[in-house]
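Peer 1: Structure supplied as input.txt; contents: compact mmCIF, C-alpha atoms.
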```txt
# COMPACT_ATOMS: atom_id res chain seq x y z
CA MET A 107 12.03 -54.55 -20.93
CA VAL A 108 10.99 -52.27 -23.76
CA MET A 109 13.24 -51.72 -26.75
CA ILE A 110 16.03 -49.29 -25.91
CA GLU A 111 15.76 -45.84 -27.47
CA GLY A 112 19.28 -44.58 -28.12
CA ILE A 113 20.76 -41.11 -28.37
CA PRO A 114 22.33 -39.22 -31.29
CA GLY A 115 25.99 -40.09 -31.68
CA GLU A 116 28.67 -41.79 -33.74
CA PHE A 117 30.41 -45.14 -33.64
CA GLY A 118 34.03 -45.55 -32.63
CA PRO A 119 36.56 -47.82 -34.37
CA GLN A 120 35.45 -51.44 -34.72
CA PRO A 121 37.56 -54.64 -34.76
CA TRP A 122 36.56 -55.17 -38.41
CA GLY A 123 36.86 -51.55 -39.63
CA GLU A 124 34.66 -48.47 -39.20
CA ALA A 125 31.03 -47.33 -39.43
CA VAL A 126 30.62 -43.97 -41.15
CA LEU A 127 27.40 -41.95 -41.20
CA ARG A 128 26.35 -40.51 -44.57
CA GLY A 129 23.48 -38.07 -44.28
CA CYS A 130 21.06 -38.79 -41.45
CA GLU A 131 19.82 -42.26 -42.31
CA LEU A 132 22.66 -44.11 -44.06
CA LEU A 133 25.58 -46.01 -42.55
CA LEU A 134 28.58 -47.31 -44.48
CA LEU A 135 30.40 -50.22 -42.87
CA ARG A 136 33.93 -50.15 -44.28
CA ILE A 137 35.48 -53.58 -43.77
CA THR A 138 39.27 -53.58 -43.36
CA ARG A 139 39.55 -56.89 -41.50
CA ARG A 140 37.27 -59.80 -42.34
CA PRO A 141 36.10 -61.81 -39.31
CA ALA A 142 36.82 -65.52 -39.45
CA ASP A 143 33.09 -66.33 -39.48
CA HIS A 144 32.38 -63.62 -42.10
CA VAL A 145 29.93 -61.89 -39.70
CA VAL A 146 30.47 -58.30 -38.55
CA ARG A 147 28.86 -57.01 -35.37
CA LEU A 148 27.99 -53.34 -34.97
CA PRO A 149 27.25 -52.84 -31.26
CA GLY A 150 24.73 -50.33 -29.97
CA LEU A 151 22.67 -49.55 -33.08
CA ALA A 152 19.30 -48.42 -31.73
CA THR A 153 17.79 -47.42 -35.08
CA THR A 154 16.19 -50.27 -37.02
CA PRO A 155 17.73 -50.90 -40.48
CA ARG A 156 15.50 -50.66 -43.55
CA HIS A 157 17.76 -52.79 -45.72
CA VAL A 158 21.42 -53.91 -45.86
CA VAL A 159 23.28 -54.32 -49.15
CA GLU A 160 26.79 -54.60 -50.53
CA ASP A 161 27.68 -51.11 -51.71
CA ARG A 162 29.41 -52.07 -54.98
CA THR A 163 26.88 -54.60 -56.29
CA GLY A 164 23.66 -53.63 -54.50
CA LYS A 165 23.24 -57.28 -53.48
CA ALA A 166 21.10 -57.76 -50.39
CA LEU A 167 22.98 -59.18 -47.40
CA THR A 168 21.71 -61.35 -44.57
CA TRP A 169 21.39 -59.46 -41.31
CA ARG A 170 19.70 -59.72 -37.92
CA ARG A 171 19.44 -57.91 -34.59
CA ASP A 172 21.04 -59.32 -31.45
CA GLY A 173 19.79 -57.09 -28.66
CA ASP A 174 21.12 -53.63 -29.52
CA ASP A 175 23.68 -55.02 -31.99
CA LEU A 176 23.45 -55.40 -35.75
CA LEU A 177 24.96 -58.58 -37.25
CA VAL A 178 25.69 -58.71 -41.00
CA ARG A 179 26.97 -61.71 -42.93
CA LEU A 180 29.55 -60.60 -45.49
CA PRO A 181 29.67 -61.98 -49.03
CA ARG A 182 32.38 -64.60 -49.54
CA SER A 183 34.90 -62.97 -51.83
CA GLU A 184 38.54 -61.96 -51.90
CA GLU A 185 37.65 -58.27 -51.70
CA LEU A 186 36.94 -56.39 -48.50
CA PRO A 187 33.46 -55.00 -49.09
CA VAL A 188 31.70 -51.82 -48.05
CA VAL A 189 28.26 -52.51 -46.56
CA ARG A 190 25.46 -49.98 -47.00
CA VAL A 191 22.93 -49.90 -44.14
CA ALA A 192 19.82 -47.81 -44.82
CA LEU A 193 18.08 -46.81 -41.59
CA GLN A 194 14.40 -46.32 -40.82
CA GLY A 195 15.13 -43.01 -39.09
CA LYS A 196 17.92 -40.82 -37.83
CA LEU A 197 20.90 -42.63 -36.35
CA ARG A 198 20.57 -43.28 -32.63
CA ILE A 199 23.08 -45.32 -30.68
CA VAL A 200 23.43 -47.07 -27.32
CA PRO A 201 26.87 -45.97 -26.01
CA PRO A 202 29.14 -48.84 -24.89
CA ASP A 203 29.15 -47.61 -21.27
CA THR A 204 25.34 -47.75 -21.01
CA VAL A 205 24.13 -49.48 -17.84
CA THR A 206 20.60 -50.80 -17.29
CA ALA A 207 19.05 -50.43 -13.84
CA ASN A 208 18.81 -53.53 -11.67
CA ALA A 209 15.52 -55.16 -10.71
CA ASP A 210 14.96 -52.52 -7.99
CA GLY A 211 15.51 -49.70 -10.50
CA VAL A 212 18.93 -48.86 -9.00
CA TRP A 213 22.25 -48.10 -10.71
CA ASP A 214 25.63 -48.60 -8.99
CA LEU A 215 28.23 -46.92 -11.20
CA THR A 216 32.01 -46.58 -11.20
CA PRO A 217 32.54 -43.64 -13.57
CA THR A 218 35.45 -43.65 -15.99
CA GLY A 219 34.88 -40.26 -17.61
CA PRO A 220 32.85 -37.04 -17.50
CA ALA A 221 29.56 -38.81 -18.28
CA ALA A 222 27.69 -42.06 -17.75
CA HIS A 223 24.74 -43.43 -19.70
CA LEU A 224 21.73 -45.08 -18.05
CA VAL A 225 18.64 -47.00 -19.13
CA ALA A 226 15.65 -47.39 -16.80
CA ARG A 227 13.49 -50.50 -16.72
CA ARG A 228 10.50 -48.44 -15.57
CA SER A 229 9.65 -44.76 -15.87
CA ALA A 230 10.31 -43.00 -12.56
CA ASP A 231 11.66 -39.94 -10.81
CA VAL A 232 15.18 -40.73 -9.59
CA ALA A 233 17.82 -39.10 -7.40
CA VAL A 234 21.61 -39.29 -7.47
CA ARG A 235 24.18 -39.79 -4.71
CA PHE A 236 27.88 -39.12 -5.44
CA PHE A 237 31.00 -40.43 -3.69
CA GLY A 238 34.43 -38.88 -3.99
CA VAL A 239 35.91 -35.41 -3.53
CA ALA A 240 34.45 -32.01 -4.41
CA ASP A 241 35.68 -28.45 -3.97
CA PRO A 242 33.25 -26.84 -1.48
CA ALA A 243 33.91 -23.42 -3.01
CA VAL A 244 32.84 -24.45 -6.54
CA SER A 245 29.24 -25.00 -7.64
CA GLN A 246 28.82 -28.12 -9.76
CA PRO A 247 26.05 -28.59 -12.37
CA VAL A 248 24.49 -32.04 -12.21
CA THR A 249 22.61 -33.00 -15.36
CA LEU A 250 20.57 -36.13 -15.99
CA ALA A 251 18.00 -36.68 -18.74
CA ASN A 252 18.37 -33.05 -19.88
CA GLN A 253 17.44 -31.68 -16.44
CA SER A 254 20.09 -29.83 -14.48
CA TYR A 255 20.65 -28.61 -10.92
CA ALA A 256 23.42 -26.23 -9.82
CA VAL A 257 24.72 -27.91 -6.66
CA PRO A 258 27.05 -26.14 -4.19
CA GLY A 259 30.32 -28.05 -3.92
CA GLY A 260 29.77 -28.64 -0.22
CA GLU A 261 26.51 -30.46 -0.95
CA LEU A 262 27.66 -32.54 -3.92
CA ILE A 263 29.04 -35.41 -1.83
CA GLY A 264 26.93 -37.13 0.80
CA SER A 265 23.37 -36.03 0.02
CA THR A 266 20.96 -37.04 -2.72
CA ILE A 267 20.33 -34.74 -5.69
CA GLY A 268 17.11 -34.67 -7.68
CA PRO A 269 14.49 -35.51 -8.67
CA PHE A 270 15.20 -36.31 -12.33
CA PRO A 271 12.42 -37.86 -14.45
CA VAL A 272 13.62 -40.82 -16.55
CA ARG A 273 11.57 -42.78 -19.07
CA ALA A 274 11.67 -46.53 -19.47
CA GLY A 275 13.90 -47.77 -22.27
CA ARG A 276 15.47 -44.40 -23.12
CA VAL A 277 19.23 -43.87 -22.87
CA VAL A 278 19.96 -40.80 -20.73
CA ARG A 279 23.25 -39.06 -19.99
CA LEU A 280 24.44 -38.29 -16.46
CA SER A 281 27.15 -35.68 -16.01
CA VAL A 282 29.92 -36.79 -13.64
CA GLY A 283 32.32 -34.27 -12.13
CA PRO A 284 36.04 -34.82 -11.57
CA SER A 285 37.19 -36.92 -8.61
CA ILE A 286 33.89 -38.83 -8.42
CA THR A 287 34.59 -42.48 -7.56
CA ARG A 288 31.09 -43.96 -7.27
CA VAL A 289 27.55 -42.97 -8.21
CA LEU A 290 24.28 -44.40 -6.94
CA VAL A 291 21.03 -43.60 -8.74
CA ALA A 292 17.72 -44.82 -7.33
CA PRO A 293 14.00 -44.14 -7.71
CA VAL A 294 12.68 -41.48 -5.36
CA GLY A 295 11.23 -43.27 -2.35
CA THR A 296 13.89 -45.99 -2.21
CA VAL A 297 15.76 -46.72 1.03
CA LEU A 298 19.02 -48.28 -0.13
CA ALA A 299 21.53 -50.34 1.88
CA TYR A 300 25.02 -51.13 0.58
CA LEU A 301 28.65 -51.76 1.54
CA HIS A 302 31.27 -49.15 0.74
CA SER A 303 35.05 -49.26 0.92
CA PRO A 304 36.52 -45.74 0.78
CA ALA A 305 40.11 -44.90 -0.06
CA ASN A 306 41.30 -45.58 3.49
CA GLY A 307 40.11 -49.16 3.14
CA GLU A 308 37.76 -49.15 6.14
CA MET A 309 34.67 -51.14 5.21
CA GLN A 310 31.38 -49.39 5.91
CA VAL A 311 27.72 -50.34 5.85
CA MET A 312 25.66 -47.42 4.57
CA VAL A 313 21.97 -46.65 4.15
CA THR A 314 20.78 -43.76 1.98
CA ASN A 315 17.22 -42.45 2.06
CA PHE A 316 16.21 -41.54 -1.49
CA GLY A 317 12.68 -40.81 -0.25
CA ARG A 318 10.79 -37.68 0.71
CA THR A 319 9.98 -38.73 4.28
CA ALA A 320 12.10 -39.94 7.20
CA ALA A 321 12.94 -43.65 7.21
CA HIS A 322 13.55 -46.24 9.89
CA GLY A 323 14.45 -49.88 9.69
CA GLU A 324 16.62 -52.83 10.60
CA LEU A 325 19.68 -54.30 8.89
CA PHE A 326 21.27 -57.72 9.00
CA LEU A 327 24.49 -58.76 7.28
CA PRO A 328 24.77 -62.51 6.63
CA VAL A 329 28.31 -63.69 5.84
CA PRO A 330 29.66 -66.84 4.16
CA PRO A 331 31.01 -69.75 6.23
CA GLY A 332 34.40 -68.89 7.68
CA TRP A 333 33.69 -65.14 7.71
CA THR A 334 32.81 -62.93 10.66
CA ALA A 335 31.30 -59.43 10.70
CA ASN A 336 30.94 -57.03 13.61
CA PRO A 337 28.37 -55.64 13.95
CA CYS A 338 26.12 -57.88 11.87
CA GLN A 339 22.76 -56.44 12.93
CA TRP A 340 21.53 -52.96 13.89
CA THR A 341 18.60 -50.57 13.62
CA PHE A 342 18.17 -46.93 12.61
CA ASP A 343 15.47 -44.30 13.17
CA ASP A 344 14.53 -40.95 11.66
CA LEU A 345 16.87 -41.08 8.66
CA ALA A 346 16.07 -37.77 6.99
CA PRO A 347 15.21 -37.50 3.28
CA GLY A 348 18.41 -37.37 1.23
CA ALA A 349 20.60 -38.36 4.18
CA THR A 350 22.95 -41.33 4.70
CA ILE A 351 23.94 -43.20 7.82
CA THR A 352 27.29 -44.96 8.06
CA ASN A 353 28.35 -47.83 10.32
CA PRO A 354 32.00 -48.97 10.40
CA LEU A 355 32.24 -52.70 9.81
CA THR A 356 34.93 -55.07 11.01
CA LEU A 357 35.07 -57.90 8.52
CA HIS A 358 37.30 -60.94 8.89
CA CYS A 359 37.57 -62.61 5.53
CA GLY A 360 37.55 -66.27 4.69
CA VAL A 361 37.87 -67.66 1.17
CA SER A 362 37.29 -64.95 -1.44
CA GLY A 363 34.56 -65.20 -4.03
CA GLY A 364 30.84 -64.59 -4.07
CA ALA A 365 29.14 -61.49 -2.72
CA LEU A 366 27.89 -59.89 0.47
CA ARG A 367 24.46 -58.28 0.56
CA VAL A 368 22.92 -56.39 3.45
CA GLN A 369 19.37 -57.45 4.26
CA LEU A 370 17.28 -54.33 4.88
CA ASP A 371 13.79 -54.05 6.29
CA ALA A 372 12.68 -50.43 5.90
CA GLY A 373 9.29 -50.80 4.24
CA ARG A 374 8.20 -51.84 0.78
CA ARG A 375 10.74 -49.61 -1.01
CA SER A 376 13.72 -51.27 0.69
CA ALA A 377 16.59 -52.25 -1.62
CA ALA A 378 20.15 -53.52 -1.20
CA LEU A 379 23.22 -53.81 -3.42
CA PRO A 380 25.65 -56.75 -3.56
CA TYR A 381 29.32 -56.29 -2.71
CA ARG A 382 31.68 -58.54 -4.65
CA LEU A 383 34.29 -60.27 -2.51
```
Using the file provided, produce a representation of the structure as structure tokens.
Peer 2:
Amino acid sequence: MVMIEGIPGEFGPQPWGEAVLRGCELLLLRITRRPADHVVRLPGLATTPRHVVEDRTGKALTWRRDGDDLLVRLPRSEELPVVRVALQGKLRIVPPDTVTANADGVWDLTPTGPAAHLVARRSADVAVRFFGVADPAVSQPVTLANQSYAVPGGELIGSTIGPFPVRAGRVVRLSVGPSITRVLVAPVGTVLAYLHSPANGEMQVMVTNFGRTAAHGELFLPVPPGWTANPCQWTFDDLAPGATITNPLTLHCGVSGGALRVQLDAGRRSAALPYRL
């Protein structure tokens, strides 16, 4: 995985105080609550620091990177210091809701606001599939990685939208409309199998074709000991590009815990998502 390239932004309140941007390339960490181990963590700093010093004395402080986080060891004193962090470029952050694609390059998102933030492992063209409710009379703009499509409300739910080019390691923003409950994002060409439980509680096995040609394949759903599933195996043919097939699933549950995963054979771009029990 390449180093993550963040986006312009600001930091929210921190457990130890606040991080305030001064100019374009200077952060002030104002400490109002000293951690017990005297180390403050600033999560999601994508820009590399040039140096880190105590603001009042100019004394250099020990710091290191932990993934996308900056860790700074505070001087041992009775005062609550201000830490000056000079950056090697303009401030770029990794928002706390940023999700990295799985090994197949797929994101399975449960949105909590009007936007989600994604990081790709590999550069690719991707498409988006929304779940939820949309007003068929209202066109909805869908924006990902600064590319936008105006999608009729009647087409927002149930079909794939794209393509959107995403670059490996770069944080990109996906707009999410109201009443969206789940979002799948996958590389163009992927045939994706997954379990879905809509609001009525009826479990479903679904396959979405994120490709540009019709797909066919076979599915098998293995279950843990003490569980039964009906049906547990089926085939499909001529699944059109952008389309989804749905099979109701009767699932008798045993002991909870673990995950279910559909096994899909639909060519080399087959992928499947786990469903947590």
Peer 1: Would you list the contacts of Phe117 (chain A) as a PDB file with C-alpha atoms, in the coordinates of the input, taking every protein, DNA or RNA residue within 12 Å and counting all atoms listed in the file, but skipping same-chain residues closer than 6 positions in sequence?
Peer 2:
```
ATOM      1  CA  GLY A 123      36.860 -51.550 -39.630  1.00  0.00           C
ATOM      2  CA  GLU A 124      34.660 -48.470 -39.200  1.00  0.00           C
ATOM      3  CA  ALA A 125      31.030 -47.330 -39.430  1.00  0.00           C
ATOM      4  CA  VAL A 126      30.620 -43.970 -41.150  1.00  0.00           C
ATOM      5  CA  LEU A 127      27.400 -41.950 -41.200  1.00  0.00           C
ATOM      6  CA  LEU A 133      25.580 -46.010 -42.550  1.00  0.00           C
ATOM      7  CA  LEU A 134      28.580 -47.310 -44.480  1.00  0.00           C
ATOM      8  CA  LEU A 135      30.400 -50.220 -42.870  1.00  0.00           C
ATOM      9  CA  LEU A 148      27.990 -53.340 -34.970  1.00  0.00           C
ATOM     10  CA  PRO A 149      27.250 -52.840 -31.260  1.00  0.00           C
ATOM     11  CA  GLY A 150      24.730 -50.330 -29.970  1.00  0.00           C
ATOM     12  CA  LEU A 151      22.670 -49.550 -33.080  1.00  0.00           C
ATOM     13  CA  ALA A 152      19.300 -48.420 -31.730  1.00  0.00           C
ATOM     14  CA  LEU A 197      20.900 -42.630 -36.350  1.00  0.00           C
ATOM     15  CA  ARG A 198      20.570 -43.280 -32.630  1.00  0.00           C
ATOM     16  CA  ILE A 199      23.080 -45.320 -30.680  1.00  0.00           C
ATOM     17  CA  VAL A 200      23.430 -47.070 -27.320  1.00  0.00           C
ATOM     18  CA  PRO A 201      26.870 -45.970 -26.010  1.00  0.00           C
ATOM     19  CA  PRO A 202      29.140 -48.840 -24.890  1.00  0.00           C
TER      20      PRO A 202
END
```
Peer 1: Using only C-alpha atoms, find each residue of region 257-310 of chain A with at least one atom at most 10 Å away from an atom of region 316-324 of chain A; report its shortest atom-to-atom pair and that distance in Å (one decimal), sort the rows by chain and rising residue number, and return the result as JSON lines.
Peer 2:
```
{"residue": "A:Ser265", "atom": "CA", "partner": "A:Phe316", "partner_atom": "CA", "distance": 9.2}
{"residue": "A:Thr266", "atom": "CA", "partner": "A:Phe316", "partner_atom": "CA", "distance": 6.7}
{"residue": "A:Ile267", "atom": "CA", "partner": "A:Phe316", "partner_atom": "CA", "distance": 9.0}
{"residue": "A:Gly268", "atom": "CA", "partner": "A:Phe316", "partner_atom": "CA", "distance": 9.3}
{"residue": "A:Pro269", "atom": "CA", "partner": "A:Phe316", "partner_atom": "CA", "distance": 9.5}
{"residue": "A:Val291", "atom": "CA", "partner": "A:Phe316", "partner_atom": "CA", "distance": 8.9}
{"residue": "A:Ala292", "atom": "CA", "partner": "A:Phe316", "partner_atom": "CA", "distance": 6.9}
{"residue": "A:Pro293", "atom": "CA", "partner": "A:Phe316", "partner_atom": "CA", "distance": 7.1}
{"residue": "A:Val294", "atom": "CA", "partner": "A:Gly317", "partner_atom": "CA", "distance": 5.2}
{"residue": "A:Gly295", "atom": "CA", "partner": "A:Gly317", "partner_atom": "CA", "distance": 3.5}
{"residue": "A:Thr296", "atom": "CA", "partner": "A:Phe316", "partner_atom": "CA", "distance": 5.1}
{"residue": "A:Val297", "atom": "CA", "partner": "A:Phe316", "partner_atom": "CA", "distance": 5.8}
{"residue": "A:Leu298", "atom": "CA", "partner": "A:Phe316", "partner_atom": "CA", "distance": 7.4}
```
Peer 1: Can you work out the spacing between CA of Lys165 (chain A) and CA of Glu116 (chain A) in Å, to one decimal?
Peer 2: 25.7 Å
Peer 1: Would you pick out the contacts of Gly164 (chain A) at 12 Å or less, using all atoms listed in the file, so that residues sharing its chain but fewer than 6 positions from it are not included, and give the list as a list in words?
Peer 2: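 After dropping sequence-adjacent residues, the list is His157, Val158, Pro181, Pro187, Val188, Val189, Arg190, Val191 and Ala192 of chain A.
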Peer 1: Once you have the residues from the selection above, write them out as a PDB file, in the frame of the given file, restricted to C-alpha atoms.
Peer 2:
```pdb
ATOM      1  CA  HIS A 157      17.760 -52.790 -45.720  1.00  0.00           C
ATOM      2  CA  VAL A 158      21.420 -53.910 -45.860  1.00  0.00           C
ATOM      3  CA  PRO A 181      29.670 -61.980 -49.030  1.00  0.00           C
ATOM      4  CA  PRO A 187      33.460 -55.000 -49.090  1.00  0.00           C
ATOM      5  CA  VAL A 188      31.700 -51.820 -48.050  1.00  0.00           C
ATOM      6  CA  VAL A 189      28.260 -52.510 -46.560  1.00  0.00           C
ATOM      7  CA  ARG A 190      25.460 -49.980 -47.000  1.00  0.00           C
ATOM      8  CA  VAL A 191      22.930 -49.900 -44.140  1.00  0.00           C
ATOM      9  CA  ALA A 192      19.820 -47.810 -44.820  1.00  0.00           C
TER      10      ALA A 192
END
```
Peer 1: So how far away is CA of Leu262 (chain A) from CA of Ala243 (chain A), in Å?
Peer 2: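 A separation of 11.1 Å between them.
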Peer 1: Rank nothing, just name the residue among A:Leu177, A:Leu186, A:Val232, A:Val244 nearest to Arg140 (chain A), using all atoms listed in the file.
Peer 2: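 Among A:Leu177, A:Leu186, A:Val232, A:Val244, it is A:Leu186 that comes nearest to Arg140 (chain A).
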Peer 1: Within 10 Å of Leu379 (chain A), counting only C-alpha atoms, which residues qualify if same-chain residues fewer than 3 places away don't, as a ChimeraX atom specification?
Peer 2: /A:208,210,212-214,298-301,365-369,382
Peer 1: What does the distance between CA of Leu325 (chain A) and CA of Gly211 (chain A) come to in Å, to one decimal place?
Peer 2: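 Distance reported for this atom pair: 20.4 Å.
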Peer 1: Restricting the calculation to all atoms listed in the file, which member of A:Thr350, A:Thr204, A:Gln310, A:Gln253 is positioned closest to Val277 (chain A)?
Peer 2: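 Nearest candidate to Val277 (chain A) out of A:Thr350, A:Thr204, A:Gln310, A:Gln253: A:Thr204.
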